[in-house]
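A.B. asks: To start, I am sharing the structure in question, which I have written as structure tokens.
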Amino acid sequence: MKRHTWRLSRWLPALLFLCAWMAALCFAQQCGPLTQGAAVRWTGEGAGVSPADLCQAERWAAKDGSTSFPDLVLWQEQENQILTDRTGERSTPVRLLTVFGQADLLWPGAFLRGGWPVRGDIQGIALDEAAAAALWGSADVLGETVEWNGNTYAVRGVFQGDDGLALIQTEESSTQAMDRAMLQFQDGGGGTETTAWLSQNGFPVGQVTDLPLLGWILNSLAALPGLALGVVLLLRLGERLWRLRRSPLLLAQCLLPVLAAGGLTLWVLGFPWEIPDRLIPTRWSDFDFWTGLAGELTEELWTALSGAMSARDGLLWPAALGCLVWALAACALLAPAGRLRPETGTGLLLACLGAAGSVFVLTLLSARLGGGAPGRTWWLLPPLWLAADYGLRWHDGWLTADIIPPGPALPAGEEERL
């Protein structure tokens, strides 16, 4: 019983580490579709951009032959709006999103039926399944009509969700300013490009959230447990070479395997890593750059979280918080997980097979929860750690046996007595 308890105490932290790491990856992948382009919010009475102003900017851009006009959607949100079916017998409160442009930029929902009302379709509406069920008891309601604010809308699509959400398009000639926008540039620009584009077209800049940078940060957080594991392994390999620096023969024997293991570790970790341009200073000696960058990012984060949370924010920020919490939990479990150390070749093989099986099962669970396929780091780093750790400990034993000679043999009678 004691032996089984010892084995469980070695395996359990490793399994918990993998579970926490996969949870962080899953939350980061959920944030992926919500961190494309840049989000803009205008505050104040009448602040924002109207559909009519945006259409005028599009006409000017087409006249000038510009090809840098981004994919864009303007939108505003109204809570506790009442939708009524055509009979007037059933009604339900919804959070209504009035948009102008490409609605899929705003809400990356999975549709059960139909799709978004396209730009110019001011008589169409899309509902989540909760609103559809409240009005008709089913999601199969394409073509049904609802009334809101004296207007009649035909259902164009029903998407997944249980928050009571609806979306309609507004007309191009509307001069009412809309206080939020989402922009995506063809070359993948973020906050800096958005600010420049707004200024260039004479629009108020507003509060810009650099969503691609946020996505990079979340992906980095999700990769942090694996990066920490890889860095520890690289440090152990470097320490082995440092220990043998005064023994040229032993260093030469060890050099090639250690370099191969280090190179394989860097490849598994995805080196070289891409760093957003916004995080790269023009001069590395410019220390004021980092202070200013930290201030900018803190201000953007505070602006995004301090205002009223939109329906889109309600998807993004809880998932971002989940990514942060689980990534830190995985890092905290890294030290106890490292105590899983097979002592024999057979034990190493079983441990690697167990790690691969655990990774496979967790990947299936993540797919069921909406996560995507993880990269090679997730698949290859755990067995690489086990194999490298076993190899280093075997080398320790070999060095001890080779450098420290055995003591003199005991007399036969004394050996039998012992």
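Each chain of the structure tokens is named A, B, ... in the order shown, its residues numbered from 1; ligands are numbered from 1 in display order.
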Residues at most 10 Å from range 94-103 of chain A, counting only C-alpha atoms, excluding those fewer than 3 positions away in the same chain, as a PDB file with C-alpha atoms, in the first residue's frame?
C.D. replies:
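As written to disk, result_33.pdb reads:
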```pdb
ATOM      1  CA  SER A  50     -22.019  57.285 -37.951  1.00  0.00           C
ATOM      2  CA  PRO A  51     -22.710  54.908 -40.873  1.00  0.00           C
ATOM      3  CA  LEU A  54     -18.119  55.783 -42.756  1.00  0.00           C
ATOM      4  CA  ASP A  71     -12.813  45.396 -42.673  1.00  0.00           C
ATOM      5  CA  LEU A  72     -14.946  47.260 -40.197  1.00  0.00           C
ATOM      6  CA  VAL A  73     -18.139  47.093 -38.182  1.00  0.00           C
ATOM      7  CA  LEU A  74     -19.747  49.891 -36.191  1.00  0.00           C
ATOM      8  CA  TRP A  75     -22.040  48.895 -33.370  1.00  0.00           C
ATOM      9  CA  GLN A  76     -23.878  49.914 -30.270  1.00  0.00           C
ATOM     10  CA  GLU A  77     -25.619  47.923 -27.578  1.00  0.00           C
ATOM     11  CA  GLN A  78     -28.967  48.347 -25.868  1.00  0.00           C
ATOM     12  CA  GLU A  79     -30.056  46.254 -22.901  1.00  0.00           C
ATOM     13  CA  ASN A  80     -33.523  45.033 -21.929  1.00  0.00           C
ATOM     14  CA  GLN A  81     -35.090  45.503 -25.347  1.00  0.00           C
ATOM     15  CA  ILE A  82     -38.354  43.614 -25.842  1.00  0.00           C
ATOM     16  CA  LEU A  83     -38.842  41.435 -28.914  1.00  0.00           C
ATOM     17  CA  SER A  91     -42.158  38.384 -25.924  1.00  0.00           C
ATOM     18  CA  LEU A 106     -18.092  41.523 -33.841  1.00  0.00           C
ATOM     19  CA  TRP A 107     -19.520  38.213 -32.705  1.00  0.00           C
ATOM     20  CA  PRO A 108     -17.751  34.990 -33.802  1.00  0.00           C
ATOM     21  CA  GLY A 115     -26.239  33.372 -40.697  1.00  0.00           C
ATOM     22  CA  TRP A 116     -25.801  37.066 -39.956  1.00  0.00           C
ATOM     23  CA  PRO A 117     -27.871  39.785 -41.636  1.00  0.00           C
ATOM     24  CA  VAL A 118     -25.499  41.256 -44.225  1.00  0.00           C
ATOM     25  CA  ARG A 119     -24.755  44.941 -44.582  1.00  0.00           C
ATOM     26  CA  GLY A 120     -27.807  46.700 -45.999  1.00  0.00           C
ATOM     27  CA  ASP A 121     -30.232  44.026 -44.807  1.00  0.00           C
ATOM     28  CA  ILE A 122     -32.115  46.299 -42.415  1.00  0.00           C
ATOM     29  CA  ILE A 125     -32.282  39.824 -37.432  1.00  0.00           C
ATOM     30  CA  ALA A 126     -30.118  37.111 -35.854  1.00  0.00           C
ATOM     31  CA  LEU A 127     -30.983  35.638 -32.456  1.00  0.00           C
ATOM     32  CA  ASP A 128     -29.214  33.355 -30.041  1.00  0.00           C
ATOM     33  CA  ALA A 130     -32.112  31.327 -25.830  1.00  0.00           C
ATOM     34  CA  ALA A 131     -34.114  34.154 -27.435  1.00  0.00           C
ATOM     35  CA  ASP A 163     -27.619  35.200 -22.896  1.00  0.00           C
ATOM     36  CA  GLY A 164     -30.658  36.452 -24.806  1.00  0.00           C
ATOM     37  CA  LEU A 165     -28.822  38.286 -27.606  1.00  0.00           C
ATOM     38  CA  ALA A 166     -30.101  39.737 -30.896  1.00  0.00           C
ATOM     39  CA  LEU A 167     -28.406  41.591 -33.762  1.00  0.00           C
ATOM     40  CA  ILE A 168     -29.788  43.866 -36.482  1.00  0.00           C
ATOM     41  CA  GLN A 169     -28.243  46.020 -39.225  1.00  0.00           C
ATOM     42  CA  THR A 170     -28.877  49.741 -39.572  1.00  0.00           C
ATOM     43  CA  GLU A 171     -29.132  51.714 -42.804  1.00  0.00           C
ATOM     44  CA  GLU A 172     -26.247  53.397 -44.600  1.00  0.00           C
ATOM     45  CA  SER A 174     -28.047  56.876 -40.678  1.00  0.00           C
ATOM     46  CA  MET A 178     -22.312  54.550 -32.956  1.00  0.00           C
ATOM     47  CA  ARG A 180     -18.078  51.149 -30.725  1.00  0.00           C
ATOM     48  CA  ALA A 181     -16.163  49.703 -33.655  1.00  0.00           C
ATOM     49  CA  MET A 182     -14.111  46.678 -34.648  1.00  0.00           C
ATOM     50  CA  LEU A 183     -11.420  46.973 -37.335  1.00  0.00           C
ATOM     51  CA  SER A 310     -20.463  44.581 -23.618  1.00  0.00           C
ATOM     52  CA  ALA A 311     -21.668  41.145 -24.660  1.00  0.00           C
TER      53      ALA A 311
END
```
A.B. asks: Show which residues sit within 9 Å of range 205-219 of chain A, as a tab-separated table (two decimals) with N, CA and C atoms, in the first residue's frame. Count only C-alpha atoms, and ignore same-chain residues fewer than 2 positions away.
C.D. replies:
```tsv
chain	number	residue	atom	x	y	z
A	24	ALA	N	-5.21	26.24	-19.56
A	24	ALA	CA	-4.72	27.54	-20.02
A	24	ALA	C	-4.72	27.63	-21.54
A	25	LEU	N	-4.29	26.56	-22.20
A	25	LEU	CA	-4.30	26.54	-23.67
A	25	LEU	C	-5.72	26.67	-24.20
A	27	PHE	N	-8.40	28.06	-22.81
A	27	PHE	CA	-8.93	29.41	-22.64
A	27	PHE	C	-8.28	30.38	-23.64
A	28	ALA	N	-6.98	30.22	-23.88
A	28	ALA	CA	-6.31	31.10	-24.85
A	28	ALA	C	-6.88	30.90	-26.25
A	29	GLN	N	-7.18	29.64	-26.61
A	29	GLN	CA	-7.76	29.37	-27.92
A	29	GLN	C	-9.17	29.92	-28.03
A	31	CYS	N	-10.10	32.66	-26.72
A	31	CYS	CA	-9.92	34.09	-26.93
A	31	CYS	C	-9.45	34.41	-28.35
A	32	GLY	N	-8.92	33.42	-29.07
A	32	GLY	CA	-8.34	33.67	-30.38
A	32	GLY	C	-9.23	34.44	-31.33
A	34	LEU	N	-11.59	36.34	-30.75
A	34	LEU	CA	-11.99	37.63	-30.17
A	34	LEU	C	-10.84	38.62	-30.09
A	35	THR	N	-9.65	38.22	-30.55
A	35	THR	CA	-8.48	39.10	-30.45
A	35	THR	C	-7.91	39.40	-31.83
A	36	GLN	N	-8.79	39.57	-32.81
A	36	GLN	CA	-8.37	39.94	-34.15
A	36	GLN	C	-8.67	41.42	-34.37
A	37	GLY	N	-7.72	42.16	-34.95
A	37	GLY	CA	-7.93	43.57	-35.22
A	37	GLY	C	-7.84	44.42	-33.97
A	38	ALA	N	-8.64	45.47	-33.93
A	38	ALA	CA	-8.61	46.39	-32.80
A	38	ALA	C	-10.03	46.81	-32.47
A	39	ALA	N	-10.27	47.05	-31.19
A	39	ALA	CA	-11.58	47.52	-30.72
A	39	ALA	C	-11.47	48.99	-30.36
A	40	VAL	N	-12.48	49.76	-30.74
A	40	VAL	CA	-12.50	51.19	-30.46
A	40	VAL	C	-13.79	51.50	-29.71
A	41	ARG	N	-13.66	52.33	-28.69
A	41	ARG	CA	-14.84	52.79	-27.95
A	41	ARG	C	-14.74	54.29	-27.76
A	42	TRP	N	-15.85	54.97	-28.06
A	42	TRP	CA	-15.93	56.41	-27.86
A	42	TRP	C	-16.85	56.68	-26.68
A	43	THR	N	-16.47	57.60	-25.84
A	43	THR	CA	-17.27	57.94	-24.67
A	43	THR	C	-17.72	59.39	-24.78
A	47	ALA	N	-20.71	60.89	-29.04
A	47	ALA	CA	-19.37	60.54	-29.56
A	47	ALA	C	-19.45	59.26	-30.39
A	48	GLY	N	-18.58	59.17	-31.38
A	48	GLY	CA	-18.54	57.97	-32.20
A	48	GLY	C	-18.49	58.31	-33.68
A	188	GLY	N	-2.88	42.58	-40.98
A	188	GLY	CA	-2.83	42.15	-39.59
A	188	GLY	C	-2.48	43.24	-38.60
A	189	GLY	N	-2.71	44.49	-38.95
A	189	GLY	CA	-2.38	45.59	-38.04
A	189	GLY	C	-3.25	45.58	-36.80
A	190	GLY	N	-2.79	46.32	-35.78
A	190	GLY	CA	-3.50	46.37	-34.51
A	190	GLY	C	-3.79	47.79	-34.08
A	191	GLY	N	-3.45	48.09	-32.81
A	191	GLY	CA	-3.81	49.37	-32.23
A	191	GLY	C	-3.13	50.55	-32.89
A	192	THR	N	-1.85	50.44	-33.22
A	192	THR	CA	-1.12	51.55	-33.82
A	192	THR	C	-1.70	51.91	-35.18
A	194	THR	N	-4.70	51.23	-36.25
A	194	THR	CA	-6.07	51.73	-36.08
A	194	THR	C	-6.07	53.21	-35.72
A	195	THR	N	-5.21	53.60	-34.79
A	195	THR	CA	-5.13	55.00	-34.41
A	195	THR	C	-4.75	55.88	-35.60
A	196	ALA	N	-3.77	55.41	-36.39
A	196	ALA	CA	-3.35	56.18	-37.56
A	196	ALA	C	-4.47	56.28	-38.60
A	197	TRP	N	-5.20	55.19	-38.80
A	197	TRP	CA	-6.28	55.19	-39.79
A	197	TRP	C	-7.41	56.12	-39.38
A	198	LEU	N	-7.79	56.10	-38.12
A	198	LEU	CA	-8.85	56.98	-37.64
A	198	LEU	C	-8.46	58.44	-37.82
A	199	SER	N	-7.23	58.78	-37.46
A	199	SER	CA	-6.78	60.17	-37.61
A	199	SER	C	-6.73	60.58	-39.07
A	202	GLY	N	-10.12	61.50	-40.38
A	202	GLY	CA	-10.83	62.55	-39.68
A	202	GLY	C	-11.81	62.08	-38.64
A	203	PHE	N	-11.69	60.83	-38.20
A	203	PHE	CA	-12.57	60.31	-37.17
A	203	PHE	C	-11.94	60.52	-35.80
A	221	LEU	N	1.07	33.46	-22.21
A	221	LEU	CA	0.72	32.93	-20.89
A	221	LEU	C	0.42	31.44	-20.96
A	222	ALA	N	-0.33	31.04	-22.00
A	222	ALA	CA	-0.65	29.62	-22.14
A	222	ALA	C	0.59	28.78	-22.40
A	223	ALA	N	1.59	29.38	-23.06
A	223	ALA	CA	2.83	28.66	-23.33
A	223	ALA	C	3.82	28.73	-22.18
A	224	LEU	N	3.54	29.57	-21.17
A	224	LEU	CA	4.49	29.79	-20.08
A	224	LEU	C	4.86	28.52	-19.33
A	275	ILE	N	7.82	38.23	-31.93
A	275	ILE	CA	7.53	39.28	-30.95
A	275	ILE	C	6.84	40.42	-31.68
A	276	PRO	N	5.70	40.91	-31.18
A	276	PRO	CA	5.02	42.03	-31.84
A	276	PRO	C	5.92	43.25	-31.97
A	278	ARG	N	5.28	46.23	-31.58
A	278	ARG	CA	5.05	47.23	-30.54
A	278	ARG	C	5.93	46.98	-29.32
A	297	LEU	N	0.05	50.10	-21.84
A	297	LEU	CA	-0.70	48.85	-21.73
A	297	LEU	C	-1.60	48.85	-20.49
A	300	GLU	N	-4.62	50.99	-21.34
A	300	GLU	CA	-5.53	50.30	-22.24
A	300	GLU	C	-6.33	49.23	-21.49
A	301	LEU	N	-5.65	48.48	-20.64
A	301	LEU	CA	-6.34	47.44	-19.89
A	301	LEU	C	-7.36	48.03	-18.94
A	303	THR	N	-8.88	50.91	-19.24
A	303	THR	CA	-9.97	51.47	-20.03
A	303	THR	C	-10.94	50.37	-20.48
A	304	ALA	N	-10.37	49.24	-20.89
A	304	ALA	CA	-11.21	48.15	-21.37
A	304	ALA	C	-12.05	47.53	-20.26
A	320	ALA	N	-9.89	35.31	-20.73
A	320	ALA	CA	-8.53	35.78	-20.49
A	320	ALA	C	-8.12	35.56	-19.04
A	323	CYS	N	-7.33	31.93	-18.55
A	323	CYS	CA	-6.00	31.61	-19.08
A	323	CYS	C	-4.91	31.99	-18.09
A	324	LEU	N	-5.02	33.19	-17.49
A	324	LEU	CA	-4.03	33.65	-16.54
A	324	LEU	C	-3.98	32.75	-15.31
```
A.B. asks: What does the distance from CA of Glu274 in chain A to CA of Arg376 in chain A come to in Å, to one decimal?
C.D. replies: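 Between these atoms lies a distance of 16.3 Å.
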A.B. asks: Taking 5 positions as the minimum chain separation for residues in the same chain, which residues sit within 6 Å of range 149-155 of chain A when counting only C-alpha atoms? Answer as a ChimeraX atom specification.
C.D. replies: /A:123-126,142-144
A.B. asks: Include N, CA, C and O atoms and write out the residues we just selected as a CSV table (one decimal), in the first residue's frame.
C.D. replies:
```csv
chain,number,residue,atom,x,y,z
A,123,GLN,N,-33.9,44.6,-42.6
A,123,GLN,CA,-35.1,43.9,-42.2
A,123,GLN,C,-34.8,42.5,-41.6
A,123,GLN,O,-35.7,41.8,-41.4
A,124,GLY,N,-33.5,42.2,-41.5
A,124,GLY,CA,-33.1,40.9,-41.0
A,124,GLY,C,-32.7,41.0,-39.5
A,124,GLY,O,-32.2,42.1,-39.0
A,125,ILE,N,-32.7,39.9,-38.8
A,125,ILE,CA,-32.3,39.8,-37.4
A,125,ILE,C,-31.7,38.4,-37.2
A,125,ILE,O,-32.1,37.5,-37.8
A,126,ALA,N,-30.7,38.4,-36.3
A,126,ALA,CA,-30.1,37.1,-35.9
A,126,ALA,C,-30.3,37.0,-34.3
A,126,ALA,O,-30.1,38.0,-33.6
A,142,LEU,N,-36.1,30.0,-38.9
A,142,LEU,CA,-35.7,30.9,-40.0
A,142,LEU,C,-37.0,31.3,-40.8
A,142,LEU,O,-37.8,30.5,-41.1
A,143,GLY,N,-37.0,32.6,-41.1
A,143,GLY,CA,-38.2,33.1,-41.8
A,143,GLY,C,-39.3,33.7,-40.8
A,143,GLY,O,-40.2,34.4,-41.3
A,144,GLU,N,-39.2,33.3,-39.6
A,144,GLU,CA,-40.2,33.9,-38.6
A,144,GLU,C,-39.9,35.4,-38.5
A,144,GLU,O,-38.8,35.9,-38.7
```
A.B. asks: Rounded to one decimal place, report the CA of Leu365 in chain A-CA of Gly157 in chain A distance in Å.
C.D. replies: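 According to the coordinates, CA of Leu365 in chain A and CA of Gly157 in chain A are separated by 28.6 Å.
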A.B. asks: Find the residues around Leu369 in chain A up to 12 Å (only C-alpha atoms counted), leave out those fewer than 3 positions away in its own chain, and share them as an MDAnalysis selection string.
C.D. replies: chainID A and resid 22:23 25:27 29:30 362:366 372:373
A.B. asks: From the list A:Leu259, A:Leu112, A:Leu241, A:Ala61, which residue is nearest Val141 in chain A when using only C-alpha atoms?
C.D. replies: A:Leu112
A.B. asks: Report the residues of range 68-107 of chain A whose backbone DSSP state falls under strand (DSSP E), written as a ChimeraX atom specification.
C.D. replies: /A:71-85,91-101
A.B. asks: Quick one: everything within 9 Å of range 230-239 of chain A, counting only C-alpha atoms, minus sequence neighbours fewer than 5 positions away in the same chain. Send it as a PyMOL selection string.
C.D. replies: chain A and resi 225+244+258-259+261-262+265-266+268-269+381+385+388-389+392
A.B. asks: Might you pull out every residue within 9 Å of Leu15 in chain A, with only C-alpha atoms counted and same-chain residues fewer than 6 positions away left off, and present them as a list in words?
C.D. replies: Ala337, Ala355 and Ser358 of chain A
A.B. asks: Could you take the residues named above and write them with C-alpha atoms, as a PDB file, in the first residue's frame?
C.D. replies:
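Writing the result to result-v7.pdb gives the following:
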```
ATOM      1  CA  ALA A 337       5.567  17.483 -11.224  1.00  0.00           C
ATOM      2  CA  ALA A 355       2.396  11.134 -20.657  1.00  0.00           C
ATOM      3  CA  SER A 358      -2.678  11.738 -20.864  1.00  0.00           C
TER       4      SER A 358
END
```
A.B. asks: What's the separation between CA of Val359 in chain A and CA of Gly345 in chain A, in Å to one decimal place?
C.D. replies: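 About the pair CA of Val359 in chain A and CA of Gly345 in chain A: they are 21.0 Å apart.
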A.B. asks: Can you list, as a PyMOL selection string, all residues belonging to range 87-266 of chain A that DSSP tags as helix (DSSP H, G or I)?
C.D. replies: chain A and resi 103-106+129-136+191-200+211-243+248-266
